[in-house]
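Colleague: Dropping the structure in here first, questions after.
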Amino acid sequence: MGKATVIPFGPQHPVLPEPLHLDLVVEDETVIEAVPQIGFIHRGLEKLVETRDYNQFIYVAERICGICAFGHSMGYAETVEKLMGVEIPERAEYLRVIWHELSRVHSHVLWMGLAADAFGYESLFMHCWRLRERVLDIFEKTTGGRVIFSVVKVGGVVRDIDDAMFAEIKRVLEGIKDDYRQLCNAFLKDSSVKNRTVGVGVISHEDALAMSMVGPFARASNVNNDARCLGNGGYGKLADFQPVLDGQGDCYARVKVRALEVLQSIDIIEEMIAKIPAGDIVVDVKGSPAAGAEAANVVEQPRGECYYYARGNGSKYLERMRMRTPTSQNLAGMATALAGCDLADVNMIVLTIDPCISCTER
């Protein structure tokens with residue numbers, strides 16, 4: 001056995017797209033232990049509830065992370081609506097689900113492009129991001145933004161989508177679906193991809209449960225914990241939602257779960273468009289959260305369950321706003337997956353876990 005060496009990995013790294021720092025304890029070419037270090041981009045966003053009222057803070061919430069922006073604005077708004085006993089119009093619930101699932105498609109396809117780049121398939125990377133641009137075009141036409149949308153408010157949404165635009169969205173998604181199935185063949189059937197991912201970074205079902213893992217990372221280990229099953233908001237209107245699961249628990253399973261979730265999200269969007277009712281998209285919200293009132297909410301972000309907590313103090317400024325992000329839940333699983341792997345597989349394992357450090361450190 002060689003002598004143990006500590007190798008610093010990140011936060012700036014040529015093949016790791018997130019500012020994550022790992023201290024890798026290595027013997028020869030084998031990782032013995034991985035110790036995550038966080039805090040490099042901490043911004044103190046939660047404390048801003050003391051100086052931004054509950055309406056203004058929604059613009060802070062959606063800037064926690066660009067990729068997860070809509071989910072954070074929706075999760076925050078739903079929490080404050082619970083806190084104040086506000087019931088939003090049904091049409092607004094449908095619109096939120098449509099935009100949120102578009103965000104999931106955007107996030108997963110972006111991630112697949114990064115994974116393709118890690119495999120060394122630059123053309124596949126460009127094709128993934130070409131499809132992502134079509135989703136961003138939908139966002140731009142329906143919200144006015146491509147990354148930050150500012151379309152959610154406490155009480156509903158500030159923009160509607162007309163029937164002509166819904167028809168355009170369905171047409172674009174059908175085109176994405178046809179092209180995307182070809183990309184899936186490259187990810188799921190290519191022998192080179194399988195050589196890099198099958199049997200690498202395995203997390204058992206029991207370990208995933210013990211470490212409270214969430215999102216596609218957990219569902220690839222056959223943990224059924226998709227928060228959309230709770231039926232919060234518009235998700236309660238889905239006819240039959242079943243999470244995408246896989247039991248292998250390796251990098252390949254995590255690629256497969258995300259790949260299939262894109263097609264599932266497109267189906268959800270099409271179902272929501274077919275069933276969306278007419279009516280208002282926002283209600284007036286007056287007053288302030290009561291002193292001592294508390295509310296909690298969960299949203300299935302692209303990377304997993306995100307928990308939101310709010311407490312009022314009788315003024316327009318919240319006393320406390322707290323978010324527990326999926327990556328903070330998955331750090332223990334990431335360290336477990338890295339222990340015992342080859343040094344050359346570290347980047348691939350981290351990529352398939354898909355950490356979001358911007359969400360985690362806030």
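Ordering of the structure tokens sets the chain letters (A, B, ...), residue numbers begin anew at 1 in every chain, and ligands are numbered from 1 in the order given.
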Quick one: residues within 7 Å of His108 (chain A), only C-alpha atoms, excluding same-chain residues fewer than 4 positions away - as a PDB file with N, CA, C and O atoms, in the first residue's frame?

Modeller:
ATOM      1  N   ARG A 104     -37.332  21.948 -14.978  1.00  0.00           N
ATOM      2  CA  ARG A 104     -36.722  20.639 -14.776  1.00  0.00           C
ATOM      3  C   ARG A 104     -36.115  20.119 -16.080  1.00  0.00           C
ATOM      4  O   ARG A 104     -35.014  19.563 -16.090  1.00  0.00           O
ATOM      5  N   MET A 112     -27.088  16.990 -18.722  1.00  0.00           N
ATOM      6  CA  MET A 112     -26.676  15.948 -19.662  1.00  0.00           C
ATOM      7  C   MET A 112     -25.597  16.460 -20.609  1.00  0.00           C
ATOM      8  O   MET A 112     -24.698  15.717 -21.000  1.00  0.00           O
ATOM      9  N   ARG A 258     -32.379  10.632 -14.728  1.00  0.00           N
ATOM     10  CA  ARG A 258     -32.542  12.005 -15.229  1.00  0.00           C
ATOM     11  C   ARG A 258     -32.977  12.010 -16.688  1.00  0.00           C
ATOM     12  O   ARG A 258     -33.790  12.849 -17.096  1.00  0.00           O
ATOM     13  N   VAL A 262     -36.848  13.727 -18.056  1.00  0.00           N
ATOM     14  CA  VAL A 262     -37.103  14.777 -19.044  1.00  0.00           C
ATOM     15  C   VAL A 262     -38.366  14.456 -19.836  1.00  0.00           C
ATOM     16  O   VAL A 262     -39.251  15.306 -20.012  1.00  0.00           O
TER      17      VAL A 262
END

Colleague: Please provide as an NGL selection string all residues within 10 Å of region 166-181 of chain A, with the sequence filter that same-chain residues fewer than 5 positions apart are discarded (counting only C-alpha atoms).

Modeller: :A and (102 or 109 or 127-128 or 130-132 or 134-135 or 137-139 or 141-142 or 161 or 186-187 or 259-260 or 262-263 or 266-267 or 269-270 or 273-274)

Colleague: Mind writing the picked residues with N, CA, C and O atoms as a compact mmCIF listing (two decimals), in the first residue's frame?

Modeller:
# COMPACT_ATOMS: atom_id res chain seq x y z
N LEU A 102 -40.87 22.88 -17.03
CA LEU A 102 -39.95 23.39 -18.06
C LEU A 102 -38.58 23.64 -17.44
O LEU A 102 -37.55 23.37 -18.08
N VAL A 109 -31.41 18.71 -19.06
CA VAL A 109 -30.74 18.72 -20.37
C VAL A 109 -29.41 19.46 -20.27
O VAL A 109 -28.41 19.05 -20.87
N HIS A 127 -25.28 19.28 -28.83
CA HIS A 127 -26.65 18.91 -29.17
C HIS A 127 -27.57 19.05 -27.95
O HIS A 127 -28.72 19.48 -28.08
N CYS A 128 -27.08 18.67 -26.76
CA CYS A 128 -27.89 18.82 -25.55
C CYS A 128 -28.21 20.29 -25.30
O CYS A 128 -29.36 20.64 -25.01
N ARG A 130 -28.21 22.63 -27.45
CA ARG A 130 -29.07 23.13 -28.53
C ARG A 130 -30.53 22.92 -28.16
O ARG A 130 -31.37 23.81 -28.34
N LEU A 131 -30.87 21.75 -27.59
CA LEU A 131 -32.24 21.50 -27.13
C LEU A 131 -32.60 22.41 -25.96
O LEU A 131 -33.73 22.87 -25.85
N ARG A 132 -31.64 22.64 -25.09
CA ARG A 132 -31.87 23.53 -23.95
C ARG A 132 -32.26 24.93 -24.42
O ARG A 132 -33.12 25.58 -23.81
N ARG A 134 -34.04 25.73 -26.89
CA ARG A 134 -35.46 25.76 -27.25
C ARG A 134 -36.33 25.97 -26.01
O ARG A 134 -37.35 26.67 -26.07
N VAL A 135 -35.93 25.38 -24.90
CA VAL A 135 -36.67 25.57 -23.65
C VAL A 135 -36.51 27.02 -23.18
O VAL A 135 -37.49 27.65 -22.74
N ASP A 137 -36.05 29.55 -25.01
CA ASP A 137 -36.87 30.38 -25.90
C ASP A 137 -38.32 30.41 -25.42
O ASP A 137 -38.98 31.46 -25.49
N ILE A 138 -38.82 29.27 -24.93
CA ILE A 138 -40.18 29.23 -24.38
C ILE A 138 -40.28 30.14 -23.17
O ILE A 138 -41.24 30.91 -23.01
N PHE A 139 -39.29 30.07 -22.29
CA PHE A 139 -39.27 30.94 -21.12
C PHE A 139 -39.29 32.41 -21.53
O PHE A 139 -40.02 33.23 -20.96
N LYS A 141 -40.40 33.79 -24.24
CA LYS A 141 -41.68 34.20 -24.84
C LYS A 141 -42.80 34.28 -23.80
O LYS A 141 -43.74 35.07 -23.97
N THR A 142 -42.73 33.48 -22.74
CA THR A 142 -43.83 33.43 -21.77
C THR A 142 -43.58 34.25 -20.51
O THR A 142 -44.54 34.63 -19.82
N ILE A 161 -50.59 32.79 -20.04
CA ILE A 161 -50.21 32.22 -21.33
C ILE A 161 -51.49 31.96 -22.11
O ILE A 161 -52.42 31.30 -21.60
N ALA A 186 -27.59 7.69 -27.13
CA ALA A 186 -26.15 7.89 -26.94
C ALA A 186 -25.77 7.73 -25.47
O ALA A 186 -24.73 7.15 -25.14
N PHE A 187 -26.61 8.23 -24.57
CA PHE A 187 -26.30 8.16 -23.14
C PHE A 187 -26.53 6.77 -22.57
O PHE A 187 -25.78 6.32 -21.70
N ALA A 259 -32.42 11.10 -17.48
CA ALA A 259 -32.80 11.05 -18.90
C ALA A 259 -34.30 10.78 -19.05
O ALA A 259 -34.97 11.43 -19.86
N LEU A 260 -34.84 9.86 -18.28
CA LEU A 260 -36.26 9.53 -18.39
C LEU A 260 -37.15 10.60 -17.75
O LEU A 260 -38.30 10.78 -18.17
N VAL A 262 -36.85 13.73 -18.06
CA VAL A 262 -37.10 14.78 -19.04
C VAL A 262 -38.37 14.46 -19.84
O VAL A 262 -39.25 15.31 -20.01
N LEU A 263 -38.48 13.22 -20.30
CA LEU A 263 -39.67 12.81 -21.04
C LEU A 263 -40.90 12.85 -20.15
O LEU A 263 -42.00 13.23 -20.60
N ILE A 266 -42.08 16.48 -19.83
CA ILE A 266 -42.78 16.92 -21.04
C ILE A 266 -44.21 16.40 -21.04
O ILE A 266 -45.15 17.13 -21.38
N ASP A 267 -44.41 15.16 -20.61
CA ASP A 267 -45.77 14.61 -20.51
C ASP A 267 -46.60 15.38 -19.50
O ASP A 267 -47.80 15.63 -19.72
N ILE A 269 -46.24 18.56 -18.64
CA ILE A 269 -46.56 19.86 -19.22
C ILE A 269 -47.73 19.73 -20.20
O ILE A 269 -48.67 20.54 -20.18
N GLU A 270 -47.68 18.70 -21.04
CA GLU A 270 -48.76 18.51 -22.01
C GLU A 270 -50.09 18.22 -21.31
O GLU A 270 -51.15 18.69 -21.75
N ILE A 273 -51.38 21.56 -19.87
CA ILE A 273 -51.91 22.43 -20.93
C ILE A 273 -53.30 21.96 -21.35
O ILE A 273 -54.21 22.77 -21.57
N ALA A 274 -53.50 20.64 -21.44
CA ALA A 274 -54.79 20.10 -21.86
C ALA A 274 -55.89 20.35 -20.83
O ALA A 274 -57.07 20.47 -21.18

Colleague: Please, which residues of region 98-203 of chain A, numbered as in this document, come out strand (DSSP E or B) from DSSP, as a VMD selection string?

Modeller: chain A and resid 152 to 153 156 to 157

Colleague: Please identify all polymer residues within 9 Å of Glu101 (chain A), counting only C-alpha atoms, omitting same-chain residues fewer than 2 positions from it, and present them as a PyMOL selection string.

Modeller: chain A and resi 96-99+103-106+262+265-266+268-269+302

Colleague: Nearest to Ser315 (chain A) among A:Leu45, A:Val298, A:Met126, A:Met84, with distances taken over only C-alpha atoms: which residue is it?

Modeller: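 Of all the options, A:Met84 lies closest to Ser315 (chain A).
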
Colleague: So, with only C-alpha atoms as the atoms that count, which of A:Gly66, A:Gly236, A:Pro216, A:Gly85 lies closest to Tyr252 (chain A)?

Modeller: A:Pro216

Colleague: With a distance cut-off of 8 Å and only C-alpha atoms, select the neighbouring residues of region 287-289 of chain A, excluding the residue or stretch itself and same-chain residues fewer than 2 positions from it, and output the selection as an MDAnalysis selection string.

Modeller: chainID A and resid 83:84 285 291 293 311:316 318

Colleague: Please determine, counting only C-alpha atoms, which residue among A:Ile41, A:Ala278, A:Leu124, A:Ile353 has the shortest atom-to-atom distance to Asp162 (chain A).

Modeller: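 Using only C-alpha atoms, the shortest distance to Asp162 (chain A) belongs to A:Ala278.
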
Colleague: Taking 5 positions as the minimum chain separation for residues in the same chain, which residues sit within 6 Å of Thr30 (chain A) when counting only C-alpha atoms? Answer as a list in words.

Modeller: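 Using only C-alpha atoms, the neighbours found are Cys341, Asp342 and Leu343 of chain A.
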
Colleague: Taking only C-alpha atoms into account, which of A:Ala69, A:Leu209, A:Met74, A:Ala34 comes nearest Asn297 (chain A)?

Modeller: A:Met74
